[in-house]
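Text of the file protein26.pdb, holding PDB, C-alpha atoms, pLDDT in the B column:
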ATOM      1  CA  MET D   1      39.244  77.150  46.512  1.00 81.00           C
ATOM      2  CA  ILE D   2      38.421  75.010  49.525  1.00 87.00           C
ATOM      3  CA  GLN D   3      37.446  71.423  50.123  1.00 87.00           C
ATOM      4  CA  LEU D   4      35.221  70.007  52.825  1.00 86.00           C
ATOM      5  CA  GLU D   5      35.832  66.339  53.543  1.00 82.00           C
ATOM      6  CA  ILE D   6      32.872  64.524  55.063  1.00 83.00           C
ATOM      7  CA  LEU D   7      33.985  62.541  58.104  1.00 83.00           C
ATOM      8  CA  GLY D   8      30.928  61.378  59.997  1.00 70.00           C
ATOM      9  CA  SER D   9      28.138  60.011  57.791  1.00 65.00           C
ATOM     10  CA  ARG D  10      27.416  57.500  55.069  1.00 68.00           C
ATOM     11  CA  ASN D  11      29.372  59.713  52.608  1.00 69.00           C
ATOM     12  CA  ARG D  12      32.530  59.456  54.710  1.00 74.00           C
ATOM     13  CA  GLY D  13      35.709  60.448  52.856  1.00 71.00           C
ATOM     14  CA  ARG D  14      33.904  62.331  50.103  1.00 80.00           C
ATOM     15  CA  LEU D  15      35.464  65.686  49.155  1.00 78.00           C
ATOM     16  CA  HIS D  16      33.368  68.675  48.116  1.00 82.00           C
ATOM     17  CA  THR D  17      35.202  71.511  46.365  1.00 85.00           C
ATOM     18  CA  LEU D  18      33.628  74.905  47.011  1.00 85.00           C
ATOM     19  CA  SER D  19      34.534  78.136  45.251  1.00 85.00           C
ATOM     20  CA  LEU D  20      31.567  80.517  45.674  1.00 86.00           C
ATOM     21  CA  PHE D  21      31.324  82.277  49.029  1.00 89.00           C
ATOM     22  CA  PRO D  22      29.586  82.522  51.369  1.00 91.00           C
ATOM     23  CA  VAL D  23      28.569  78.870  51.339  1.00 91.00           C
ATOM     24  CA  THR D  24      25.948  77.511  53.733  1.00 89.00           C
ATOM     25  CA  VAL D  25      26.054  73.951  55.056  1.00 90.00           C
ATOM     26  CA  GLY D  26      22.945  72.190  56.364  1.00 88.00           C
ATOM     27  CA  ARG D  27      19.990  69.994  55.490  1.00 87.00           C
ATOM     28  CA  GLY D  28      18.199  72.623  53.403  1.00 86.00           C
ATOM     29  CA  THR D  29      17.946  72.366  49.639  1.00 86.00           C
ATOM     30  CA  ASP D  30      19.129  75.981  49.309  1.00 87.00           C
ATOM     31  CA  CYS D  31      22.487  75.162  50.958  1.00 86.00           C
ATOM     32  CA  GLY D  32      25.712  75.038  48.986  1.00 85.00           C
ATOM     33  CA  LEU D  33      26.511  71.736  50.691  1.00 85.00           C
ATOM     34  CA  THR D  34      23.709  69.559  51.989  1.00 85.00           C
ATOM     35  CA  GLY D  35      24.363  66.975  54.636  1.00 80.00           C
ATOM     36  CA  SER D  36      22.618  64.600  56.960  1.00 77.00           C
ATOM     37  CA  GLY D  37      23.039  63.655  60.561  1.00 75.00           C
ATOM     38  CA  ASN D  38      21.225  64.062  63.830  1.00 82.00           C
ATOM     39  CA  GLY D  39      21.241  67.643  65.023  1.00 83.00           C
ATOM     40  CA  LEU D  40      22.155  69.165  61.644  1.00 85.00           C
ATOM     41  CA  LYS D  41      19.854  72.153  61.044  1.00 88.00           C
ATOM     42  CA  ASP D  42      18.467  73.375  57.703  1.00 88.00           C
ATOM     43  CA  ARG D  43      21.072  76.165  57.570  1.00 89.00           C
ATOM     44  CA  HIS D  44      23.508  75.068  60.258  1.00 90.00           C
ATOM     45  CA  PHE D  45      26.672  77.055  59.498  1.00 91.00           C
ATOM     46  CA  GLN D  46      28.256  79.250  56.879  1.00 92.00           C
ATOM     47  CA  ILE D  47      31.798  79.567  55.548  1.00 91.00           C
ATOM     48  CA  ASP D  48      32.787  82.951  54.213  1.00 93.00           C
ATOM     49  CA  LEU D  49      35.950  84.450  52.751  1.00 91.00           C
ATOM     50  CA  ASN D  50      37.114  87.518  54.645  1.00 88.00           C
ATOM     51  CA  PRO D  51      39.787  89.383  52.616  1.00 88.00           C
ATOM     52  CA  ASP D  52      41.604  90.447  55.803  1.00 88.00           C
ATOM     53  CA  SER D  53      41.650  87.231  57.823  1.00 84.00           C
ATOM     54  CA  GLY D  54      40.889  84.383  55.419  1.00 90.00           C
ATOM     55  CA  PHE D  55      38.113  81.804  55.696  1.00 92.00           C
ATOM     56  CA  GLU D  56      35.728  82.053  58.642  1.00 92.00           C
ATOM     57  CA  VAL D  57      32.968  79.778  59.876  1.00 91.00           C
ATOM     58  CA  SER D  58      29.915  81.149  61.640  1.00 90.00           C
ATOM     59  CA  ALA D  59      26.865  79.453  63.114  1.00 89.00           C
ATOM     60  CA  VAL D  60      23.571  80.303  61.401  1.00 89.00           C
ATOM     61  CA  GLN D  61      20.943  78.102  63.070  1.00 88.00           C
ATOM     62  CA  GLY D  62      22.984  75.665  65.104  1.00 84.00           C
ATOM     63  CA  VAL D  63      26.032  75.237  67.288  1.00 89.00           C
ATOM     64  CA  VAL D  64      29.370  74.685  65.549  1.00 90.00           C
ATOM     65  CA  SER D  65      32.561  73.355  67.103  1.00 89.00           C
ATOM     66  CA  ILE D  66      35.967  73.830  65.514  1.00 91.00           C
ATOM     67  CA  ASN D  67      38.607  71.337  66.663  1.00 92.00           C
ATOM     68  CA  GLY D  68      36.434  70.541  69.693  1.00 88.00           C
ATOM     69  CA  ALA D  69      35.877  74.143  70.806  1.00 89.00           C
ATOM     70  CA  ILE D  70      32.451  75.740  70.339  1.00 89.00           C
ATOM     71  CA  GLY D  71      32.698  79.068  68.582  1.00 84.00           C
ATOM     72  CA  ASP D  72      31.171  81.582  66.240  1.00 83.00           C
ATOM     73  CA  HIS D  73      33.043  83.622  63.608  1.00 85.00           C
ATOM     74  CA  VAL D  74      36.126  81.419  63.919  1.00 89.00           C
ATOM     75  CA  ARG D  75      39.017  81.695  61.463  1.00 91.00           C
ATOM     76  CA  LEU D  76      39.612  78.374  59.713  1.00 92.00           C
ATOM     77  CA  ARG D  77      43.027  76.855  59.158  1.00 91.00           C
ATOM     78  CA  ASN D  78      43.990  74.038  56.833  1.00 91.00           C
ATOM     79  CA  GLY D  79      42.989  70.701  58.385  1.00 91.00           C
ATOM     80  CA  ASP D  80      40.511  72.073  60.960  1.00 93.00           C
ATOM     81  CA  PHE D  81      37.682  69.785  62.105  1.00 92.00           C
ATOM     82  CA  ILE D  82      34.165  71.240  61.927  1.00 91.00           C
ATOM     83  CA  LYS D  83      31.380  69.498  63.850  1.00 90.00           C
ATOM     84  CA  ALA D  84      27.718  70.404  63.393  1.00 87.00           C
ATOM     85  CA  GLY D  85      25.348  68.070  65.207  1.00 83.00           C
ATOM     86  CA  ASP D  86      26.487  64.537  64.360  1.00 84.00           C
ATOM     87  CA  ALA D  87      27.934  65.689  61.023  1.00 85.00           C
ATOM     88  CA  SER D  88      31.707  66.154  60.901  1.00 88.00           C
ATOM     89  CA  TYR D  89      33.823  67.819  58.251  1.00 90.00           C
ATOM     90  CA  ARG D  90      37.472  68.565  57.695  1.00 91.00           C
ATOM     91  CA  PHE D  91      38.404  71.897  56.109  1.00 92.00           C
ATOM     92  CA  TRP D  92      41.113  71.844  53.433  1.00 89.00           C
ATOM     93  CA  LEU D  93      42.517  74.443  51.107  1.00 88.00           C
ATOM     94  CA  SER D  94      42.236  73.137  47.560  1.00 81.00           C
ATOM     95  CA  PRO D  95      45.490  72.186  45.866  1.00 79.00           C
ATOM     96  CA  VAL D  96      46.747  74.741  43.385  1.00 78.00           C
ATOM     97  CA  GLU D  97      47.439  73.402  39.926  1.00 79.00           C
ATOM     98  CA  ALA D  98      50.315  74.847  37.971  1.00 79.00           C
ATOM     99  CA  PRO D  99      49.353  76.201  34.560  1.00 82.00           C
ATOM    100  CA  ASP D 100      50.364  74.148  31.544  1.00 84.00           C
ATOM    101  CA  HIS D 101      53.411  75.716  29.886  1.00 86.00           C
ATOM    102  CA  GLU D 102      54.116  72.897  27.422  1.00 89.00           C
ATOM    103  CA  TYR D 103      53.393  75.029  24.334  1.00 90.00           C
ATOM    104  CA  ARG D 104      55.579  77.878  25.606  1.00 91.00           C
ATOM    105  CA  GLU D 105      58.406  75.526  26.494  1.00 93.00           C
ATOM    106  CA  GLN D 106      58.312  73.922  23.048  1.00 94.00           C
ATOM    107  CA  ALA D 107      58.358  77.354  21.414  1.00 93.00           C
ATOM    108  CA  VAL D 108      61.399  78.432  23.462  1.00 94.00           C
ATOM    109  CA  TRP D 109      63.340  75.242  22.671  1.00 95.00           C
ATOM    110  CA  THR D 110      62.431  75.539  18.975  1.00 95.00           C
ATOM    111  CA  GLY D 111      63.664  79.150  18.996  1.00 95.00           C
ATOM    112  CA  ILE D 112      66.943  78.123  20.644  1.00 96.00           C
ATOM    113  CA  PHE D 113      67.426  75.348  18.087  1.00 96.00           C
ATOM    114  CA  LEU D 114      66.733  77.699  15.163  1.00 96.00           C
ATOM    115  CA  MET D 115      69.160  80.309  16.557  1.00 96.00           C
ATOM    116  CA  GLY D 116      71.821  77.608  16.774  1.00 95.00           C
ATOM    117  CA  LEU D 117      71.210  76.569  13.159  1.00 95.00           C
ATOM    118  CA  LEU D 118      71.409  80.201  12.056  1.00 95.00           C
ATOM    119  CA  GLN D 119      74.745  80.613  13.827  1.00 95.00           C
ATOM    120  CA  VAL D 120      76.144  77.471  12.208  1.00 94.00           C
ATOM    121  CA  PHE D 121      74.942  78.682   8.801  1.00 94.00           C
ATOM    122  CA  LEU D 122      76.542  82.120   9.322  1.00 94.00           C
ATOM    123  CA  ILE D 123      79.858  80.577  10.421  1.00 93.00           C
ATOM    124  CA  PHE D 124      80.004  78.367   7.296  1.00 91.00           C
ATOM    125  CA  ALA D 125      78.950  81.282   5.091  1.00 91.00           C
ATOM    126  CA  LEU D 126      81.792  83.430   6.448  1.00 91.00           C
ATOM    127  CA  LEU D 127      84.397  80.631   6.191  1.00 90.00           C
ATOM    128  CA  TRP D 128      83.649  79.799   2.527  1.00 86.00           C
ATOM    129  CA  ARG D 129      83.418  83.323   1.291  1.00 77.00           C
TER     130      ARG D 129
END
Write-out of the structure in structure tokens:
Amino acid sequence: MIQLEILGSRNRGRLHTLSLFPVTVGRGTDCGLTGSGNGLKDRHFQIDLNPDSGFEVSAVQGVVSINGAIGDHVRLRNGDFIKAGDASYRFWLSPVEAPDHEYREQAVWTGIFLMGLLQVFLIFALLWR
């Protein structure tokens, strides 16, 4: 559902796709996303899905800044920067993949072709009667 891109550590550029909420980010082994960096707490912040307002970030044990502004219970938008200690992340909505309709499309085209053949057969049957 969402992706967190690591910006400020040795794993820079790495994308983590997260789909179970709430997800906690920090150094702790019980976190959904573990990170490193000076100032990053064991359970630094949490991202949750609020059905009314969308994704929200809230500080658990540390201070969190979103796009340079310190806040708590902040609504996230696509491309927002999240900073927790020295660790930096970019919040992305995951791309939506279209379902594969190849089988259905082939079935429809086959049906159209067969209907055309049936019409040609009926026309010839009526002409040579």
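One finds CA of Ser94 (chain D) at 13.1 Å from CA of Leu20 (chain D).
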For this file, the PyMOL selection byres ((chain D and resi 26-38) around 10) selects which residues, as a compact mmCIF listing (two decimals) with C-alpha atoms, keeping the file's coordinate frame?
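Once written, selection39.txt looks like this:
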# COMPACT_ATOMS: atom_id res chain seq x y z
CA LEU D 4 35.22 70.01 52.82
CA ILE D 6 32.87 64.52 55.06
CA GLY D 8 30.93 61.38 60.00
CA SER D 9 28.14 60.01 57.79
CA ARG D 10 27.42 57.50 55.07
CA ASN D 11 29.37 59.71 52.61
CA HIS D 16 33.37 68.68 48.12
CA THR D 17 35.20 71.51 46.36
CA LEU D 18 33.63 74.90 47.01
CA LEU D 20 31.57 80.52 45.67
CA PHE D 21 31.32 82.28 49.03
CA PRO D 22 29.59 82.52 51.37
CA VAL D 23 28.57 78.87 51.34
CA THR D 24 25.95 77.51 53.73
CA VAL D 25 26.05 73.95 55.06
CA GLY D 39 21.24 67.64 65.02
CA LEU D 40 22.16 69.17 61.64
CA LYS D 41 19.85 72.15 61.04
CA ASP D 42 18.47 73.38 57.70
CA ARG D 43 21.07 76.17 57.57
CA HIS D 44 23.51 75.07 60.26
CA PHE D 45 26.67 77.06 59.50
CA GLN D 46 28.26 79.25 56.88
CA VAL D 60 23.57 80.30 61.40
CA GLN D 61 20.94 78.10 63.07
CA GLY D 62 22.98 75.67 65.10
CA ALA D 84 27.72 70.40 63.39
CA GLY D 85 25.35 68.07 65.21
CA ASP D 86 26.49 64.54 64.36
CA ALA D 87 27.93 65.69 61.02
CA SER D 88 31.71 66.15 60.90
* Pairwise distance for CA of Val57 (chain D) and CA of Glu5 (chain D), rounded to one decimal in Å -> 15.1 Å
* Can you work out which one of D:Asn67, D:Ile47, D:Gly13, D:Leu117 has the shortest atom-to-atom distance to Ile82 (chain D), counting only C-alpha atoms? =>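 Of all the options, D:Asn67 lies closest to Ile82 (chain D).
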* Top pick for closest residue to Asn50 (chain D), considering D:Arg104, D:Glu97, D:Phe124, D:His73 and counting only C-alpha atoms ->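 Checking each of D:Arg104, D:Glu97, D:Phe124, D:His73 against Asn50 (chain D), counting only C-alpha atoms, the winner is D:His73.
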* Which residue of D:Leu93, D:Phe81, D:Arg129, D:Leu7 approaches Phe55 (chain D) most closely, using only C-alpha atoms -> D:Leu93
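Distances from D:Phe113, D:Ala59, D:Leu122, D:Ser53 to Leu76 (chain D) were compared using only C-alpha atoms, and the smallest one belongs to D:Ser53.
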* Could you tell me how far CA of Gly71 (chain D) lies from CA of Arg90 (chain D), in Å and to one decimal? => 15.9 Å
Edge lengths and centre in Å to one decimal, as JSON, of the axis-aligned box that encloses all listed atoms of region 16-30 of chain D with 3 Å added on every side?
{"center_x": 26.6, "center_y": 75.6, "center_z": 50.8, "size_x": 23.3, "size_y": 19.8, "size_z": 17.1}
* **Ground truth for the PyMOL selection byres ((chain D and resi 77) around 8), written as a PyMOL selection string** => chain D and resi 55+75-76+78-80+91-92
Filled-in N, CA and C atoms of region 83-111 of chain D, supplied as a PDB file, keeping the file's coordinate frame:
ATOM      1  N   LYS D  83      32.441  70.420  63.425  1.00 90.00           N
ATOM      2  CA  LYS D  83      31.380  69.498  63.850  1.00 90.00           C
ATOM      3  C   LYS D  83      30.094  70.288  63.994  1.00 90.00           C
ATOM      4  N   ALA D  84      29.046  69.794  63.344  1.00 87.00           N
ATOM      5  CA  ALA D  84      27.718  70.404  63.393  1.00 87.00           C
ATOM      6  C   ALA D  84      26.724  69.283  63.640  1.00 87.00           C
ATOM      7  N   GLY D  85      26.191  69.206  64.847  1.00 83.00           N
ATOM      8  CA  GLY D  85      25.348  68.070  65.207  1.00 83.00           C
ATOM      9  C   GLY D  85      26.205  66.812  65.173  1.00 83.00           C
ATOM     10  N   ASP D  86      25.700  65.765  64.524  1.00 84.00           N
ATOM     11  CA  ASP D  86      26.487  64.537  64.360  1.00 84.00           C
ATOM     12  C   ASP D  86      27.349  64.568  63.102  1.00 84.00           C
ATOM     13  N   ALA D  87      27.168  65.583  62.273  1.00 85.00           N
ATOM     14  CA  ALA D  87      27.934  65.689  61.023  1.00 85.00           C
ATOM     15  C   ALA D  87      29.309  66.281  61.312  1.00 85.00           C
ATOM     16  N   SER D  88      30.333  65.679  60.722  1.00 88.00           N
ATOM     17  CA  SER D  88      31.707  66.154  60.901  1.00 88.00           C
ATOM     18  C   SER D  88      32.348  66.383  59.544  1.00 88.00           C
ATOM     19  N   TYR D  89      33.144  67.447  59.488  1.00 90.00           N
ATOM     20  CA  TYR D  89      33.823  67.819  58.251  1.00 90.00           C
ATOM     21  C   TYR D  89      35.260  68.190  58.573  1.00 90.00           C
ATOM     22  N   ARG D  90      36.113  68.058  57.584  1.00 91.00           N
ATOM     23  CA  ARG D  90      37.472  68.565  57.695  1.00 91.00           C
ATOM     24  C   ARG D  90      37.657  69.615  56.606  1.00 91.00           C
ATOM     25  N   PHE D  91      38.198  70.762  57.004  1.00 92.00           N
ATOM     26  CA  PHE D  91      38.404  71.897  56.109  1.00 92.00           C
ATOM     27  C   PHE D  91      39.787  71.793  55.489  1.00 92.00           C
ATOM     28  N   TRP D  92      39.840  71.872  54.157  1.00 89.00           N
ATOM     29  CA  TRP D  92      41.113  71.844  53.433  1.00 89.00           C
ATOM     30  C   TRP D  92      41.147  72.987  52.433  1.00 89.00           C
ATOM     31  N   LEU D  93      42.313  73.542  52.234  1.00 88.00           N
ATOM     32  CA  LEU D  93      42.517  74.443  51.107  1.00 88.00           C
ATOM     33  C   LEU D  93      42.729  73.579  49.875  1.00 88.00           C
ATOM     34  N   SER D  94      42.108  73.932  48.781  1.00 81.00           N
ATOM     35  CA  SER D  94      42.236  73.137  47.560  1.00 81.00           C
ATOM     36  C   SER D  94      43.651  73.228  47.021  1.00 81.00           C
ATOM     37  N   PRO D  95      44.153  72.126  46.467  1.00 79.00           N
ATOM     38  CA  PRO D  95      45.490  72.186  45.866  1.00 79.00           C
ATOM     39  C   PRO D  95      45.502  73.126  44.660  1.00 79.00           C
ATOM     40  N   VAL D  96      46.592  73.809  44.504  1.00 78.00           N
ATOM     41  CA  VAL D  96      46.747  74.741  43.385  1.00 78.00           C
ATOM     42  C   VAL D  96      47.447  74.005  42.250  1.00 78.00           C
ATOM     43  N   GLU D  97      46.847  74.062  41.087  1.00 79.00           N
ATOM     44  CA  GLU D  97      47.439  73.402  39.926  1.00 79.00           C
ATOM     45  C   GLU D  97      48.265  74.406  39.138  1.00 79.00           C
ATOM     46  N   ALA D  98      49.454  73.986  38.776  1.00 79.00           N
ATOM     47  CA  ALA D  98      50.315  74.847  37.971  1.00 79.00           C
ATOM     48  C   ALA D  98      49.767  74.924  36.552  1.00 79.00           C
ATOM     49  N   PRO D  99      49.829  76.092  35.947  1.00 82.00           N
ATOM     50  CA  PRO D  99      49.353  76.201  34.560  1.00 82.00           C
ATOM     51  C   PRO D  99      50.229  75.394  33.618  1.00 82.00           C
ATOM     52  N   ASP D 100      49.640  74.958  32.519  1.00 84.00           N
ATOM     53  CA  ASP D 100      50.364  74.148  31.544  1.00 84.00           C
ATOM     54  C   ASP D 100      51.188  75.062  30.639  1.00 84.00           C
ATOM     55  N   HIS D 101      52.509  74.898  30.694  1.00 86.00           N
ATOM     56  CA  HIS D 101      53.411  75.716  29.886  1.00 86.00           C
ATOM     57  C   HIS D 101      54.077  74.903  28.781  1.00 86.00           C
ATOM     58  N   GLU D 102      53.495  73.771  28.409  1.00 89.00           N
ATOM     59  CA  GLU D 102      54.116  72.897  27.422  1.00 89.00           C
ATOM     60  C   GLU D 102      54.307  73.614  26.081  1.00 89.00           C
ATOM     61  N   TYR D 103      53.292  74.332  25.615  1.00 90.00           N
ATOM     62  CA  TYR D 103      53.393  75.029  24.334  1.00 90.00           C
ATOM     63  C   TYR D 103      54.505  76.077  24.381  1.00 90.00           C
ATOM     64  N   ARG D 104      54.542  76.852  25.468  1.00 91.00           N
ATOM     65  CA  ARG D 104      55.579  77.878  25.606  1.00 91.00           C
ATOM     66  C   ARG D 104      56.976  77.257  25.649  1.00 91.00           C
ATOM     67  N   GLU D 105      57.101  76.188  26.389  1.00 93.00           N
ATOM     68  CA  GLU D 105      58.406  75.526  26.494  1.00 93.00           C
ATOM     69  C   GLU D 105      58.860  75.000  25.136  1.00 93.00           C
ATOM     70  N   GLN D 106      57.959  74.407  24.384  1.00 94.00           N
ATOM     71  CA  GLN D 106      58.312  73.922  23.048  1.00 94.00           C
ATOM     72  C   GLN D 106      58.715  75.076  22.139  1.00 94.00           C
ATOM     73  N   ALA D 107      58.023  76.194  22.244  1.00 93.00           N
ATOM     74  CA  ALA D 107      58.358  77.354  21.414  1.00 93.00           C
ATOM     75  C   ALA D 107      59.740  77.891  21.760  1.00 93.00           C
ATOM     76  N   VAL D 108      60.073  77.938  23.046  1.00 94.00           N
ATOM     77  CA  VAL D 108      61.399  78.432  23.462  1.00 94.00           C
ATOM     78  C   VAL D 108      62.487  77.503  22.950  1.00 94.00           C
ATOM     79  N   TRP D 109      62.322  76.184  23.134  1.00 95.00           N
ATOM     80  CA  TRP D 109      63.340  75.242  22.671  1.00 95.00           C
ATOM     81  C   TRP D 109      63.479  75.272  21.140  1.00 95.00           C
ATOM     82  N   THR D 110      62.370  75.431  20.436  1.00 95.00           N
ATOM     83  CA  THR D 110      62.431  75.539  18.975  1.00 95.00           C
ATOM     84  C   THR D 110      63.191  76.799  18.578  1.00 95.00           C
ATOM     85  N   GLY D 111      62.942  77.906  19.262  1.00 95.00           N
ATOM     86  CA  GLY D 111      63.664  79.150  18.996  1.00 95.00           C
ATOM     87  C   GLY D 111      65.156  79.012  19.248  1.00 95.00           C
TER      88      GLY D 111
END
